[in-house]
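Participant: Compact mmCIF, C-alpha atoms, file run-v3.txt:
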```txt
# COMPACT_ATOMS: atom_id res chain seq x y z
CA MET A 57 -11.03 38.75 -5.58
CA ALA A 58 -10.74 35.93 -3.10
CA CYS A 59 -14.36 35.06 -3.76
CA LEU A 60 -13.62 34.80 -7.48
CA ALA A 61 -11.06 32.11 -6.79
CA GLN A 62 -13.38 29.70 -5.00
CA PRO A 63 -13.38 26.31 -6.80
CA VAL A 64 -16.51 24.77 -8.27
CA ARG A 65 -17.60 21.81 -6.15
CA ALA A 66 -18.12 18.32 -7.53
CA GLN A 67 -17.85 14.73 -6.39
CA ALA A 68 -14.16 13.98 -6.15
CA PRO A 69 -13.17 10.55 -4.86
CA GLY A 70 -9.44 10.59 -4.18
CA GLY A 71 -6.47 8.64 -5.40
CA ALA A 72 -4.02 7.88 -8.17
CA ALA A 73 -0.90 5.94 -8.76
CA GLY A 74 2.48 7.23 -7.78
CA GLY A 75 4.58 6.05 -10.68
CA GLY A 76 6.75 7.86 -13.14
CA ILE A 77 3.82 9.77 -14.64
CA ILE A 78 4.26 12.69 -12.22
CA ALA A 79 8.03 12.69 -12.13
CA ASP A 80 7.90 16.01 -14.00
CA SER A 81 5.27 18.74 -14.19
CA LEU A 82 1.81 17.57 -15.23
CA THR A 83 -0.17 18.65 -18.25
CA LEU A 84 -3.95 18.21 -18.19
CA ASP A 85 -3.66 14.84 -19.93
CA GLY A 86 -0.99 13.69 -17.47
CA THR A 87 -3.11 14.84 -14.55
CA LEU A 88 -6.12 12.88 -15.78
CA ARG A 89 -4.10 9.72 -16.43
CA SER A 90 -2.39 9.94 -13.04
CA VAL A 91 -5.65 10.48 -11.17
CA LEU A 92 -7.47 7.65 -12.95
CA GLU A 93 -4.59 5.17 -12.89
CA ALA A 94 -5.01 3.70 -9.40
CA ASN A 95 -7.92 5.42 -7.72
CA PRO A 96 -9.30 3.26 -4.85
CA THR A 97 -12.92 4.04 -5.71
CA LEU A 98 -12.42 2.97 -9.32
CA THR A 99 -10.64 -0.16 -8.14
CA ASN A 100 -13.56 -0.98 -5.86
CA LEU A 101 -16.14 -0.50 -8.61
CA SER A 102 -14.05 -2.46 -11.10
CA GLU A 103 -13.85 -5.39 -8.70
CA LEU A 104 -17.61 -5.19 -8.13
CA ALA A 105 -18.02 -5.43 -11.91
CA ASN A 106 -15.72 -8.46 -11.91
CA ALA A 107 -17.82 -10.00 -9.13
CA ALA A 108 -20.97 -9.44 -11.22
CA THR A 109 -19.25 -11.18 -14.13
CA GLY A 110 -18.45 -14.09 -11.81
CA ARG A 111 -22.10 -14.31 -10.75
CA LEU A 112 -23.10 -14.37 -14.41
CA ALA A 113 -20.79 -17.34 -15.01
CA GLN A 114 -22.35 -19.08 -12.01
CA THR A 115 -25.88 -18.67 -13.34
CA ARG A 116 -24.89 -20.25 -16.65
CA THR A 117 -23.86 -23.42 -14.85
CA GLY A 118 -27.54 -24.14 -14.22
CA LEU A 119 -27.84 -25.07 -17.90
CA LEU A 120 -25.09 -27.72 -17.65
CA PRO A 121 -25.07 -31.23 -16.13
CA GLN A 122 -23.96 -31.55 -12.51
CA ILE A 123 -21.62 -34.46 -11.70
CA THR A 124 -20.44 -35.35 -8.20
CA GLY A 125 -18.40 -38.19 -6.74
CA THR A 126 -18.75 -39.45 -3.15
CA ALA A 127 -17.13 -42.20 -1.06
CA THR A 128 -18.20 -43.16 2.46
CA TYR A 129 -17.23 -45.63 5.13
CA THR A 130 -19.61 -46.51 7.96
CA TYR A 131 -19.01 -48.80 10.94
CA LEU A 132 -22.13 -50.34 12.57
CA ASN A 133 -22.31 -52.26 15.82
CA PRO A 134 -24.44 -54.08 16.70
CA VAL A 135 -25.97 -55.29 13.46
CA ALA A 136 -29.05 -57.41 12.84
CA GLN A 137 -28.24 -61.13 12.79
CA VAL A 138 -29.89 -64.57 13.23
CA ASN A 139 -28.25 -67.65 14.79
CA PHE A 140 -28.68 -70.86 12.73
CA PRO A 141 -27.78 -74.41 13.86
CA SER A 142 -24.49 -75.45 12.34
CA GLY A 143 -23.49 -78.71 14.12
CA PRO A 144 -24.81 -82.01 15.49
CA ASN A 145 -24.23 -80.95 19.06
CA GLY A 146 -26.40 -77.84 18.86
CA GLU A 147 -23.68 -75.44 17.75
CA THR A 148 -24.92 -72.24 16.02
CA SER A 149 -23.36 -69.67 13.75
CA PRO A 150 -24.62 -66.09 13.22
CA LEU A 151 -26.06 -64.91 9.92
CA LYS A 152 -25.60 -61.11 9.55
CA PHE A 153 -27.97 -59.05 7.40
CA VAL A 154 -25.73 -55.96 7.41
CA PRO A 155 -21.92 -55.88 7.63
CA ASN A 156 -20.14 -54.04 10.42
CA ASN A 157 -17.85 -52.32 7.90
CA ASN A 158 -19.84 -50.60 5.14
CA TYR A 159 -18.20 -49.15 2.01
CA ASP A 160 -19.99 -47.07 -0.59
CA ALA A 161 -18.46 -45.18 -3.59
CA ARG A 162 -20.58 -43.56 -6.32
CA ILE A 163 -20.64 -41.02 -9.16
CA THR A 164 -23.89 -39.08 -9.58
CA ALA A 165 -24.98 -37.12 -12.67
CA GLN A 166 -27.97 -34.77 -12.70
CA TYR A 167 -29.43 -32.75 -15.54
CA LEU A 168 -32.37 -30.35 -15.67
CA LEU A 169 -34.35 -31.19 -18.77
CA LEU A 170 -37.02 -28.52 -18.60
CA ASP A 171 -37.59 -25.50 -16.32
CA PHE A 172 -39.81 -23.39 -18.64
CA GLY A 173 -37.16 -20.67 -19.09
CA ARG A 174 -36.26 -20.09 -15.44
CA ASN A 175 -32.52 -20.56 -15.93
CA ALA A 176 -32.51 -18.48 -19.10
CA ALA A 177 -34.27 -15.64 -17.24
CA THR A 178 -31.71 -15.90 -14.44
CA VAL A 179 -28.85 -15.60 -16.94
CA ARG A 180 -30.40 -12.52 -18.60
CA LEU A 181 -30.88 -10.90 -15.19
CA ALA A 182 -27.22 -11.52 -14.31
CA GLU A 183 -26.15 -10.06 -17.66
CA SER A 184 -28.13 -6.90 -16.90
CA GLN A 185 -26.43 -6.63 -13.51
CA VAL A 186 -23.00 -6.89 -15.19
CA THR A 187 -23.95 -4.04 -17.54
CA THR A 188 -25.06 -1.92 -14.58
CA ALA A 189 -21.78 -2.53 -12.74
CA GLN A 190 -19.77 -1.55 -15.82
CA ASP A 191 -21.82 1.63 -16.29
CA ASN A 192 -21.20 2.51 -12.62
CA VAL A 193 -17.47 2.36 -13.34
CA ALA A 194 -17.95 4.70 -16.31
CA VAL A 195 -19.91 7.20 -14.17
CA SER A 196 -17.24 7.17 -11.46
CA ARG A 197 -14.45 7.66 -14.01
CA ARG A 198 -16.38 10.56 -15.56
CA ASP A 199 -16.91 12.30 -12.22
CA LEU A 200 -13.34 11.73 -11.10
CA ALA A 201 -11.94 13.03 -14.38
CA PHE A 202 -14.08 16.17 -14.15
CA SER A 203 -12.87 16.73 -10.57
CA ALA A 204 -9.30 16.46 -11.81
CA VAL A 205 -10.05 19.00 -14.57
CA GLN A 206 -11.52 21.38 -12.01
CA VAL A 207 -8.52 21.20 -9.69
CA TYR A 208 -6.10 21.52 -12.63
CA TYR A 209 -7.73 24.71 -13.92
CA ASN A 210 -8.24 26.03 -10.38
CA ILE A 211 -4.46 25.87 -9.97
CA LEU A 212 -3.89 27.63 -13.30
CA PHE A 213 -6.42 30.30 -12.37
CA MET A 214 -4.81 30.91 -8.96
CA ARG A 215 -1.41 31.21 -10.63
CA GLU A 216 -2.79 33.72 -13.13
CA SER A 217 -4.38 35.67 -10.27
CA LEU A 218 -1.04 35.75 -8.46
CA ARG A 219 0.66 37.03 -11.62
CA VAL A 220 -1.89 39.85 -11.84
CA GLN A 221 -1.37 40.66 -8.19
CA ASP A 222 2.42 40.67 -8.62
CA GLN A 223 2.03 43.08 -11.54
CA GLN A 224 -0.07 45.40 -9.37
CA ILE A 225 2.43 45.26 -6.49
CA ALA A 226 5.36 45.91 -8.82
CA SER A 227 3.56 48.85 -10.41
CA LEU A 228 2.63 50.27 -6.99
CA ARG A 229 6.22 49.95 -5.80
CA ALA A 230 7.52 51.72 -8.87
CA HIS A 231 4.97 54.47 -8.24
CA ARG A 232 6.00 54.59 -4.58
CA ASN A 233 9.66 55.04 -5.55
CA GLU A 234 8.65 57.95 -7.75
CA MET A 235 6.63 59.40 -4.84
CA GLN A 236 9.65 59.07 -2.59
CA LYS A 237 11.87 60.97 -5.03
CA ARG A 238 9.24 63.68 -5.42
CA ALA A 239 8.89 63.98 -1.64
CA GLU A 240 12.64 64.26 -1.21
CA ALA A 241 12.71 66.96 -3.87
CA GLY A 242 9.90 68.81 -2.12
CA VAL A 243 7.56 68.46 -5.08
CA SER A 244 5.21 66.11 -3.21
CA THR A 245 4.32 65.34 0.41
CA ARG A 246 5.00 62.29 2.57
CA PHE A 247 1.25 61.73 2.64
CA ASP A 248 1.37 60.49 -0.96
CA VAL A 249 4.13 58.03 -0.05
CA THR A 250 2.22 56.76 2.96
CA THR A 251 -1.00 56.37 0.96
CA THR A 252 0.88 54.34 -1.65
CA ASP A 253 2.39 52.15 1.10
CA VAL A 254 -1.13 51.41 2.36
CA ARG A 255 -2.21 50.29 -1.12
CA ILE A 256 0.90 48.08 -1.42
CA THR A 257 0.10 46.43 1.91
CA GLN A 258 -3.51 45.82 0.84
CA ALA A 259 -2.32 44.27 -2.41
CA GLN A 260 0.11 42.04 -0.49
CA ASN A 261 -2.74 40.85 1.77
CA VAL A 262 -4.73 39.86 -1.30
CA LYS A 263 -1.69 38.00 -2.61
CA ILE A 264 -1.39 36.09 0.68
CA ASP A 265 -5.02 34.96 0.35
CA LEU A 266 -4.49 33.91 -3.25
CA GLN A 267 -1.34 31.98 -2.34
CA ASN A 268 -3.25 30.18 0.42
CA GLN A 269 -5.97 29.17 -2.04
CA LEU A 270 -3.32 27.95 -4.48
CA ASP A 271 -1.71 25.86 -1.72
CA ASN A 272 -5.09 24.36 -0.85
CA GLN A 273 -5.68 23.43 -4.49
CA GLN A 274 -2.27 21.74 -4.55
CA VAL A 275 -3.34 19.72 -1.49
CA GLN A 276 -6.54 18.75 -3.29
CA LEU A 277 -4.57 17.63 -6.34
CA ALA A 278 -2.24 15.58 -4.15
CA ARG A 279 -5.30 13.87 -2.65
CA LEU A 280 -6.69 13.06 -6.09
CA LEU A 281 -3.28 11.69 -7.07
CA HIS A 282 -3.22 9.59 -3.90
CA LYS A 283 -0.06 11.37 -2.76
CA PRO A 284 0.89 12.66 0.71
CA ALA A 285 -0.61 16.07 1.47
CA THR A 286 2.91 17.49 1.75
CA ALA A 287 3.93 16.24 -1.70
CA ASP A 288 4.83 18.89 -4.25
CA VAL A 289 2.75 18.12 -7.34
CA PRO A 290 3.85 20.39 -10.19
CA VAL A 291 1.34 21.42 -12.85
CA ARG A 292 2.27 22.74 -16.28
CA GLY A 293 0.10 25.02 -18.38
CA ARG A 294 -1.55 28.42 -18.54
CA LEU A 295 -5.09 29.66 -18.98
CA SER A 296 -6.01 30.47 -22.56
CA TYR A 297 -9.26 31.60 -24.10
CA GLN A 298 -10.31 29.37 -27.01
CA PRO A 299 -13.96 30.01 -27.93
CA GLN A 300 -15.91 27.35 -29.77
CA PRO A 301 -19.45 27.42 -31.21
CA VAL A 302 -22.17 25.49 -29.39
CA ASP A 303 -24.89 23.60 -31.27
CA LEU A 304 -27.55 23.15 -28.60
CA ALA A 305 -29.68 20.69 -30.60
CA ALA A 306 -26.67 18.49 -31.36
CA ALA A 307 -25.55 18.68 -27.72
CA LEU A 308 -28.98 17.57 -26.51
CA ALA A 309 -29.02 14.63 -28.92
CA LEU A 310 -25.49 13.64 -27.90
CA ALA A 311 -26.40 13.79 -24.21
CA ALA A 312 -29.49 11.63 -24.71
CA ALA A 313 -27.34 8.98 -26.40
CA ASN A 314 -24.17 9.11 -24.31
CA ARG A 315 -24.89 10.22 -20.75
CA PRO A 316 -24.12 7.29 -18.41
CA GLU A 317 -26.94 8.35 -16.09
CA VAL A 318 -29.44 7.51 -18.84
CA LYS A 319 -27.69 4.21 -19.38
CA LEU A 320 -27.86 3.44 -15.67
CA ALA A 321 -31.54 4.36 -15.53
CA ARG A 322 -32.28 2.12 -18.51
CA ASP A 323 -30.18 -0.62 -16.93
CA ALA A 324 -32.33 -0.40 -13.81
CA GLU A 325 -35.47 -0.51 -15.95
CA ALA A 326 -34.23 -3.58 -17.83
CA THR A 327 -33.20 -5.27 -14.58
CA ALA A 328 -36.63 -4.67 -13.04
CA ASP A 329 -38.32 -6.11 -16.14
CA LEU A 330 -36.06 -9.19 -16.13
CA GLN A 331 -36.69 -9.67 -12.42
CA ALA A 332 -40.43 -9.68 -13.11
CA ARG A 333 -39.99 -12.30 -15.85
CA LEU A 334 -37.95 -14.47 -13.53
CA ILE A 335 -40.65 -14.26 -10.87
CA GLU A 336 -43.26 -15.30 -13.44
CA ARG A 337 -41.28 -18.48 -14.15
CA SER A 338 -40.31 -19.31 -10.58
CA ASN A 339 -43.68 -21.01 -9.92
CA LEU A 340 -43.49 -23.38 -12.92
CA PRO A 341 -42.66 -27.13 -12.83
CA ASN A 342 -39.19 -28.65 -13.10
CA LEU A 343 -38.33 -31.83 -14.97
CA GLY A 344 -34.96 -33.44 -14.36
CA ILE A 345 -33.14 -36.74 -14.73
CA GLY A 346 -30.35 -38.36 -12.77
CA ALA A 347 -28.09 -41.38 -12.92
CA GLN A 348 -25.73 -42.97 -10.42
CA VAL A 349 -23.06 -45.67 -10.76
CA GLY A 350 -20.94 -47.02 -7.94
CA ALA A 351 -19.87 -49.92 -5.81
CA LYS A 352 -20.76 -50.96 -2.27
CA ASN A 353 -21.00 -54.00 0.01
CA GLY A 354 -23.95 -55.27 2.05
CA TYR A 355 -25.59 -57.49 -0.59
CA GLN A 356 -26.65 -61.01 0.36
CA PRO A 357 -25.48 -63.70 0.46
CA ASN A 358 -21.91 -62.36 0.88
CA ILE A 359 -22.44 -59.01 2.56
CA ASP A 360 -18.73 -58.21 2.74
CA GLN A 361 -18.24 -58.41 -1.01
CA ILE A 362 -18.15 -55.06 -2.83
CA ARG A 363 -20.41 -55.09 -5.90
CA PRO A 364 -21.22 -52.53 -8.58
CA ASN A 365 -24.66 -50.88 -8.66
CA VAL A 366 -26.62 -48.52 -10.91
CA VAL A 367 -29.49 -46.10 -10.10
CA GLY A 368 -31.62 -44.05 -12.53
CA VAL A 369 -34.28 -41.45 -11.69
CA VAL A 370 -36.68 -39.08 -13.44
CA GLN A 371 -38.17 -36.35 -11.25
CA LEU A 372 -41.01 -33.90 -11.89
CA SER A 373 -41.52 -31.11 -9.33
CA VAL A 374 -44.79 -29.17 -9.49
CA PRO A 375 -45.45 -26.25 -7.10
CA ILE A 376 -48.98 -26.48 -5.77
CA TYR A 377 -49.43 -23.75 -3.18
CA ASP A 378 -46.89 -21.22 -1.86
CA GLY A 379 -49.12 -19.10 0.37
CA ASN A 380 -49.52 -16.41 -2.36
CA LYS A 381 -45.78 -15.65 -2.21
CA ASN A 382 -45.39 -15.62 -5.99
CA LYS A 383 -48.43 -13.39 -6.39
CA ASN A 384 -47.06 -10.82 -3.97
CA GLN A 385 -43.65 -10.98 -5.65
CA ARG A 386 -45.30 -10.08 -8.95
CA VAL A 387 -46.95 -7.05 -7.34
CA GLU A 388 -43.56 -5.92 -6.02
CA ALA A 389 -41.88 -6.49 -9.38
CA ALA A 390 -44.52 -4.42 -11.20
CA ALA A 391 -43.99 -1.55 -8.75
CA ASN A 392 -40.22 -1.74 -9.29
CA ILE A 393 -40.73 -1.49 -13.05
CA ARG A 394 -42.87 1.64 -12.69
CA ALA A 395 -40.32 3.20 -10.33
CA ALA A 396 -37.48 2.46 -12.77
CA GLN A 397 -39.44 4.02 -15.63
CA ALA A 398 -40.00 7.15 -13.54
CA ARG A 399 -36.27 7.35 -12.75
CA THR A 400 -35.46 7.10 -16.45
CA GLN A 401 -37.82 9.96 -17.26
CA ASP A 402 -36.37 12.09 -14.46
CA ALA A 403 -32.81 11.38 -15.61
CA GLN A 404 -33.66 12.43 -19.17
CA GLU A 405 -35.19 15.69 -17.98
CA GLN A 406 -32.21 16.40 -15.72
CA ILE A 407 -29.78 15.77 -18.58
CA ARG A 408 -31.61 18.20 -20.86
CA ALA A 409 -31.46 20.82 -18.09
CA ASP A 410 -27.71 20.17 -17.57
CA VAL A 411 -26.98 20.72 -21.26
CA ARG A 412 -28.98 23.94 -21.44
CA GLN A 413 -27.37 25.29 -18.27
CA ALA A 414 -23.87 24.45 -19.53
CA ALA A 415 -24.60 26.17 -22.85
CA ASN A 416 -25.98 29.23 -21.03
CA ASN A 417 -22.90 29.38 -18.80
CA LEU A 418 -20.63 29.27 -21.84
CA GLY A 419 -22.50 32.12 -23.47
CA SER A 420 -22.36 34.19 -20.31
CA SER A 421 -18.63 33.52 -19.82
CA GLN A 422 -17.95 34.55 -23.42
CA LEU A 423 -19.76 37.87 -22.92
CA ARG A 424 -17.91 38.42 -19.64
CA TYR A 425 -14.58 37.76 -21.37
CA ASP A 426 -15.33 40.28 -24.11
CA ASN A 427 -16.40 42.81 -21.52
CA ALA A 428 -13.32 42.15 -19.36
CA THR A 429 -11.03 42.56 -22.38
CA GLN A 430 -12.56 45.96 -23.06
CA GLN A 431 -12.32 46.80 -19.36
CA VAL A 432 -8.58 45.98 -19.30
CA ALA A 433 -7.98 48.27 -22.27
CA GLN A 434 -9.96 51.07 -20.67
CA ALA A 435 -8.27 50.65 -17.29
CA THR A 436 -4.81 50.62 -18.93
CA GLU A 437 -5.58 53.85 -20.73
CA ALA A 438 -7.02 55.40 -17.56
CA LEU A 439 -3.89 54.49 -15.58
CA ALA A 440 -1.59 55.98 -18.20
CA LYS A 441 -3.58 59.24 -18.17
CA ALA A 442 -3.69 59.36 -14.36
CA GLN A 443 0.07 58.85 -14.16
CA ALA A 444 0.68 61.55 -16.77
CA ARG A 445 -1.64 64.02 -15.00
CA TYR A 446 0.07 63.36 -11.69
CA ARG A 447 3.53 63.66 -13.27
CA TYR A 448 2.66 67.10 -14.63
CA GLY A 449 1.11 68.17 -11.34
CA VAL A 450 -2.51 68.41 -12.51
CA GLY A 451 -3.72 65.17 -10.96
CA ALA A 452 -3.88 63.60 -7.48
CA ASN A 453 -1.98 60.57 -6.23
CA LEU A 454 -5.25 58.97 -5.22
CA ASP A 455 -6.33 58.96 -8.87
CA VAL A 456 -3.24 56.95 -9.79
CA LEU A 457 -3.82 54.47 -6.97
CA ASP A 458 -7.48 54.01 -7.93
CA ALA A 459 -6.49 53.46 -11.55
CA GLU A 460 -3.93 50.83 -10.46
CA THR A 461 -6.61 49.00 -8.47
CA GLN A 462 -9.12 49.16 -11.32
CA LEU A 463 -6.57 47.74 -13.77
CA ALA A 464 -5.77 44.86 -11.40
CA GLN A 465 -9.49 44.13 -10.97
CA ALA A 466 -10.01 44.20 -14.74
CA ARG A 467 -7.16 41.74 -15.28
CA LEU A 468 -8.55 39.46 -12.59
CA ALA A 469 -12.00 39.68 -14.18
CA LYS A 470 -10.47 38.65 -17.50
CA ALA A 471 -8.67 35.72 -15.88
CA GLN A 472 -11.91 34.72 -14.13
CA ALA A 473 -13.83 34.87 -17.41
CA THR A 474 -11.15 32.75 -19.12
CA TYR A 475 -11.28 30.23 -16.28
CA SER A 476 -15.10 30.12 -16.30
CA TYR A 477 -15.26 29.65 -20.07
CA THR A 478 -12.58 26.93 -20.09
CA LEU A 479 -14.23 25.04 -17.25
CA GLY A 480 -17.60 25.60 -18.90
CA GLN A 481 -16.38 23.75 -21.98
CA TYR A 482 -15.66 20.71 -19.81
CA GLN A 483 -19.00 21.12 -18.05
CA LEU A 484 -20.67 20.93 -21.45
CA LYS A 485 -18.65 17.81 -22.28
CA ARG A 486 -19.72 16.29 -18.98
CA ALA A 487 -23.35 17.25 -19.67
CA THR A 488 -23.27 15.61 -23.12
CA GLY A 489 -21.49 12.48 -21.89
CA GLU A 490 -18.31 13.15 -23.86
CA VAL A 491 -15.24 11.41 -22.43
CA VAL A 492 -12.60 13.93 -21.29
CA TRP A 493 -9.84 11.46 -20.41
CA LYS A 494 -7.55 9.82 -22.94
```
Show this structure as structure tokens.
Facilitator:
Amino acid sequence: MACLAQPVRAQAPGGAAGGGIIADSLTLDGTLRSVLEANPTLTNLSELANAATGRLAQTRTGLLPQITGTATYTYLNPVAQVNFPSGPNGETSPLKFVPNNNYDARITAQYLLLDFGRNAATVRLAESQVTTAQDNVAVSRRDLAFSAVQVYYNILFMRESLRVQDQQIASLRAHRNEMQKRAEAGVSTRFDVTTTDVRITQAQNVKIDLQNQLDNQQVQLARLLHKPATADVPVRGRLSYQPQPVDLAAALALAAANRPEVKLARDAEATADLQARLIERSNLPNLGIGAQVGAKNGYQPNIDQIRPNVVGVVQLSVPIYDGNKNKNQRVEAAANIRAAQARTQDAQEQIRADVRQAANNLGSSQLRYDNATQQVAQATEALAKAQARYRYGVGANLDVLDAETQLAQARLAKAQATYSYTLGQYQLKRATGEVVWK
């Protein structure tokens, strides 16, 4: 029975906010909202998506004019000068070609007229990276939500298992009290009482194991909620069996359209293709213009006077030889495209397998539930007959104890089947890409 209670493993990054959402017991919806509200992993991925959006805005600036303003002061000493006669007695005065104090202030404007689509390709590549970052957030939210669903229903299943175990212990104790009265009346022996005590102790040991597993699931939920491990996180609800029909063809079509893994694979394929297009344009010419207006000194004949000046330029840059760098980059880009296409194909095949497996698990869990329901009815009837036979002295105590154990096992099997079917419904939603959080 302890093996039945082992949780299904999945990626489960921890965390959630600690606000008023969990002030009272949590329903499934409250658990999901609390876990997703402030998870550190989601925060990290969201900020990475914001960073990708910032890089996209940066790439778009390449299509706009660039304007800068500069002001400089330079002191030179010595400076070039010539001494000219300036008096009848041979006096001379220096003629400077450059002033000692140099001032220069300017505003420069540059604009790229033509780059043969390089900037446009850079923008499209950045847009693809933003889409990838956003899809990564969606995948993380999906996985985290499914982990929260698992822990939530693990707790409900452990509680149901404990209820079954309590029922068995209570029934065994009632039977033990009857054995005690019969032994005191001389109708039965102390051996029957002792045998019943052994079964009660065994049932209590199972309950201890179940309680430990429940406590561990509470610790896991506290971690997902980003709470201290010692925090008491109440959960409200009870396992219920609610069968639903499964349309495999519709589920496969839904998964192909909605699974974020397919979106991520196609994002990677689109990014590789855009990277190849950018590389194709990186070896093309650039044509740009520039203009500059400002004021500076240093003009003859009065080199200390600050005068306005204007500069205009047209520049054409043509790559001639890059040592085959661009050629090798194209080879790499083509390989990346083929790898991305292979990943997309693999993701599609994996998704189809996930949907089929989830549908198969649901069908199996439904059959197990029907079988367990029949088993509970049979075990209940067998226990009633065993108790009646023992009461009338035609049956053994061991038959009653075995019937008690079989009934407890049947109830646990029914709870396990209910848990498996309920979790299987969410596994199918996960396989088809359906969002499980509100």
Participant: List the neighbours of Leu308 of chain A out to 9 Å using all atoms listed in the file; skip same-chain residues closer than 4 positions along the sequence, and give me the result as an MDAnalysis selection string.
Facilitator: chainID A and resid 303:304 312:313 407:408 411:412 487:488
Participant: Convert the current residue selection to file output with C-alpha atoms, as a PDB file, in the coordinates of the input.
Facilitator:
```pdb
ATOM      1  CA  ASP A 303     -24.890  23.600 -31.270  1.00  0.00           C
ATOM      2  CA  LEU A 304     -27.550  23.150 -28.600  1.00  0.00           C
ATOM      3  CA  ALA A 312     -29.490  11.630 -24.710  1.00  0.00           C
ATOM      4  CA  ALA A 313     -27.340   8.980 -26.400  1.00  0.00           C
ATOM      5  CA  ILE A 407     -29.780  15.770 -18.580  1.00  0.00           C
ATOM      6  CA  ARG A 408     -31.610  18.200 -20.860  1.00  0.00           C
ATOM      7  CA  VAL A 411     -26.980  20.720 -21.260  1.00  0.00           C
ATOM      8  CA  ARG A 412     -28.980  23.940 -21.440  1.00  0.00           C
ATOM      9  CA  ALA A 487     -23.350  17.250 -19.670  1.00  0.00           C
ATOM     10  CA  THR A 488     -23.270  15.610 -23.120  1.00  0.00           C
TER      11      THR A 488
END
```
Participant: Could you list, as a PyMOL selection string, every residue within 9 Å of segment 110-121 of chain A, counting only C-alpha atoms and ignoring same-chain residues fewer than 5 positions away?
Facilitator: chain A and resi 105+165-169+175-176+178-183+185-186
Participant: Which residue, A:Asn365, A:Asn382, A:Gln206, A:Gln413, has the smallest gap to Asp160 of chain A when you use all atoms listed in the file?
Facilitator: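 The closest residue to Asp160 of chain A is A:Asn365.
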Participant: Please indicate the distance in Å from atom CA of Lys383 of chain A to atom CA of Ala332 of chain A, rounded to one decimal place.
Facilitator: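 Those two atoms sit 11.1 Å apart.
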Participant: Which residue is closest to Gln371 of chain A? Choose from A:Gln298, A:Thr245, A:Glu216, A:Asp171 and count only C-alpha atoms.
Facilitator: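 Result for the nearest residue to Gln371 of chain A: A:Asp171.
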Participant: Nearest to Thr400 of chain A among A:Arg486, A:Lys319, A:Arg246, A:Lys283, with distances taken over all atoms listed in the file: which residue is it?
Facilitator: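 Between A:Arg486, A:Lys319, A:Arg246, A:Lys283, the residue approaching Thr400 of chain A most closely is A:Lys319.
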Participant: How many Å separate atom CA of Asn157 of chain A from atom CA of Thr126 of chain A?
Facilitator: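 Atom-to-atom, atom CA of Asn157 of chain A and atom CA of Thr126 of chain A are spaced 17.0 Å apart.
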Participant: Between atom CA of Ala435 of chain A and atom CA of Leu218 of chain A, measure the distance and give it in Å to one decimal.
Facilitator: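 Value for the atom CA of Ala435 of chain A-atom CA of Leu218 of chain A distance: 18.8 Å.
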Participant: Using only the atoms of segment 210-218 of chain A listed in the file, plus 5 Å on each side, state the axis-aligned box centre and edge lengths in Å rounded to one decimal, as AutoDock Vina command-line options.
Facilitator:
```
--center_x -4.6 --center_y 30.8 --center_z -10.9 --size_x 17.2 --size_y 19.9 --size_z 14.8
```
Participant: Restricting the calculation to all atoms listed in the file, which member of A:Pro134, A:Pro155, A:Pro299, A:Pro316 is positioned closest to Ala403 of chain A?
Facilitator: A:Pro316
Participant: Could you list, as a list in words, every residue within 10 Å of Asn453 of chain A, counting only C-alpha atoms and ignoring same-chain residues fewer than 6 positions away?
Facilitator: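 The residues satisfying every condition are His231, Met235, Ser244, Phe247, Asp248, Val249, Thr251, Thr252, Ala442, Gln443, Arg445, Tyr446, Arg447 and Ala459 of chain A.
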Participant: Give as a PyMOL selection string the set of residues within 10 Å of the point (-8.0, 17.9, -8.4), where distances use the file's coordinates and all atoms listed in the file.
Facilitator: chain A and resi 68-71+87-88+91+200-211+273-281
Participant: So, counting all atoms listed in the file, which residue among A:Thr164, A:Leu228, A:Asn380, A:Arg174 is closest to Asn342 of chain A?
Facilitator: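 Under the stated criterion, the closest residue is A:Arg174.
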Participant: Find, counting only C-alpha atoms, the residue in A:Ala414, A:Ala136, A:Glu336, A:Asn156 that gets nearest to Asn384 of chain A.
Facilitator: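 Of all the options, A:Glu336 lies closest to Asn384 of chain A.
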Participant: Determine, counting only C-alpha atoms, which protein, DNA and RNA residues have an atom within 7 Å of an atom of segment 474-480 of chain A; residues of the same chain fewer than 3 positions away are not included. Present the result as a PyMOL selection string.
Facilitator: chain A and resi 206+209+213+295-297+414+417-418+421-422+425+470-471+483-484
